[in-house]
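J.: Right, I'll just put the structure down here and ask away after.
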Amino acid sequence: MTPRPPLPPFDREGALKKVRAAEDAWNTRDPEHVALAYTEDSVWRNRDTFLTGRAEITAFLREKWSRELDYALRKELWSFQDDRIAVRFQYEFHDAAGQWWRGYGNELWEFTAEGLMRRREASVNDVRIGAAERRIVGPRPAGETRDRMPVW
């Protein structure tokens, strides 16, 4: 197994890099690429959906991004210790009918010694927004700070 630095135990710099890498990967909307950050037997809870393994994660993400159009995400480090990281996030997308949504949530991550995520638990709430209320457009621009996301 090829290590995916930064590796635990995390310090602040390493935890921030892990969060940045996750945000960047998810903003590609490439399920196969994103799934490589997880162990082959990674366990997920995403809202009320429970998944095990890269194949299920890839299928879940493929379906997610087929209906969450123009998806754009921001993640913020909330806390870290040893092999665990907690983040909060916001993302925006529109559905096939053109309705815009903003998802708010928290994730708890647990990593292997090689830096792969073995466990992810996500709690998410979606809110309808108008196109004029959007504040997340595409991947984070170069130079934009990653330490703080827009105020809720």
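As shown in the structure tokens, the chain order sets the letters A, B, ...; within each chain, residues go from 1, and ligands are also counted from 1 in the order they appear.
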Env of A:Glu121: 7 Å cut, atoms = only C-alpha atoms, seq-sep filter 3 positions within chain, self excluded. Answer as a short mmCIF file (atom, residue, chain, number, x, y, z; two decimals) with C-alpha atoms, in the first residue's frame.
T.:
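The result, written out as part_31.cif:
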```cif
data_model
loop_
_atom_site.label_atom_id
_atom_site.label_comp_id
_atom_site.auth_asym_id
_atom_site.auth_seq_id
_atom_site.Cartn_x
_atom_site.Cartn_y
_atom_site.Cartn_z
CA TRP A 44 -18.89 5.31 5.69
CA ARG A 45 -22.03 6.80 7.11
CA ASN A 46 -23.36 9.56 4.88
CA GLU A 107 -17.51 14.92 9.05
CA LEU A 108 -15.47 12.72 11.38
CA TRP A 109 -12.49 11.01 9.76
#
```
J.: Name the residues in contact with A:Val137 at a cut-off of 9 Å, using only C-alpha atoms, excluding same-chain residues fewer than 5 positions from it; report them as number ranges by chain.
T.: A: 70-73, 92
J.: Using C-alpha atoms, can you export the residues from the last selection as an mmCIF file, in the first residue's frame?
T.:
```cif
data_model
loop_
_atom_site.group_PDB
_atom_site.id
_atom_site.type_symbol
_atom_site.label_atom_id
_atom_site.label_comp_id
_atom_site.auth_asym_id
_atom_site.auth_seq_id
_atom_site.Cartn_x
_atom_site.Cartn_y
_atom_site.Cartn_z
ATOM 1 C CA ASP A 70 -22.240 21.983 -10.687
ATOM 2 C CA TYR A 71 -21.296 20.765 -7.200
ATOM 3 C CA ALA A 72 -18.730 22.975 -5.415
ATOM 4 C CA LEU A 73 -17.422 22.341 -1.891
ATOM 5 C CA GLU A 92 -23.690 24.040 -3.328
#
```
J.: Choose the residue, out of A:His94, A:Pro31, A:Ile57, A:Gly138, that has the smallest atom-to-atom separation from A:Val43; count only C-alpha atoms.
T.: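 Looking at the shortest contact to A:Val43, the residue is A:Ile57.
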J.: Please report, as a tab-separated table, each residue of stretch 52-132 of chain A lying at most 12 Å from stretch 3-18 of chain A, together with the nearest pair of atoms and the separation in Å rounded to one decimal; use only C-alpha atoms, and order rows by chain and ascending residue number.
T.:
```
residue	atom	partner	partner_atom	distance
A:Lys75	CA	A:Leu16	CA	9.9
A:Glu76	CA	A:Leu16	CA	8.2
A:Leu77	CA	A:Leu16	CA	6.3
A:Trp78	CA	A:Leu16	CA	9.6
A:Ser79	CA	A:Ala15	CA	8.5
A:Phe80	CA	A:Ala15	CA	6.7
A:Gln81	CA	A:Phe10	CA	6.4
A:Asp82	CA	A:Pro9	CA	4.1
A:Asp83	CA	A:Pro8	CA	4.9
A:Arg84	CA	A:Phe10	CA	7.8
A:Ile85	CA	A:Ala15	CA	6.8
A:Ala86	CA	A:Ala15	CA	9.3
A:Val87	CA	A:Ala15	CA	9.9
A:Trp109	CA	A:Lys18	CA	10.4
A:Glu110	CA	A:Pro8	CA	9.6
A:Phe111	CA	A:Pro8	CA	7.2
A:Thr112	CA	A:Pro8	CA	7.6
A:Ala113	CA	A:Pro8	CA	6.0
A:Glu114	CA	A:Pro3	CA	4.5
A:Gly115	CA	A:Leu7	CA	4.7
A:Leu116	CA	A:Arg4	CA	6.3
A:Met117	CA	A:Arg4	CA	9.6
```
J.: Which of stretch 2-120 of chain A end up as helix (DSSP H, G or I) when DSSP is run on this backbone - answer as a PyMOL selection string?
T.: chain A and resi 12-28+31-35+54-67
J.: Applying 7 Å and only C-alpha atoms, which residues near A:Asn125 remain after dropping the ones on its own chain fewer than 4 positions away? List them as a PDB file with C-alpha atoms, in the first residue's frame.
T.:
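Saved to part_0.pdb:
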```pdb
ATOM      1  CA  GLY A 103     -25.502  21.509   2.084  1.00  0.00           C
ATOM      2  CA  TYR A 104     -24.139  22.139   5.583  1.00  0.00           C
ATOM      3  CA  GLY A 105     -22.423  19.439   7.550  1.00  0.00           C
TER       4      GLY A 105
END
```
J.: Point out the residue among A:Arg54, A:Arg29, A:Arg88, A:Arg20 with the least atom-to-atom distance to A:Ser123, counting only C-alpha atoms.
T.: A:Arg88
J.: Looking only at the backbone, which of the residues in chain A does DSSP tag as strand (DSSP E), as JSON, numbers by chain?
T.: {"A": [38, 39, 40, 41, 42, 43, 44, 45, 46, 49, 50, 51, 52, 69, 70, 71, 72, 73, 74, 75, 76, 77, 78, 79, 80, 81, 84, 85, 86, 87, 88, 89, 90, 91, 92, 93, 94, 100, 101, 102, 103, 104, 105, 106, 107, 108, 109, 110, 111, 117, 118, 119, 120, 121, 122, 123, 124, 125, 126, 127, 128, 129]}
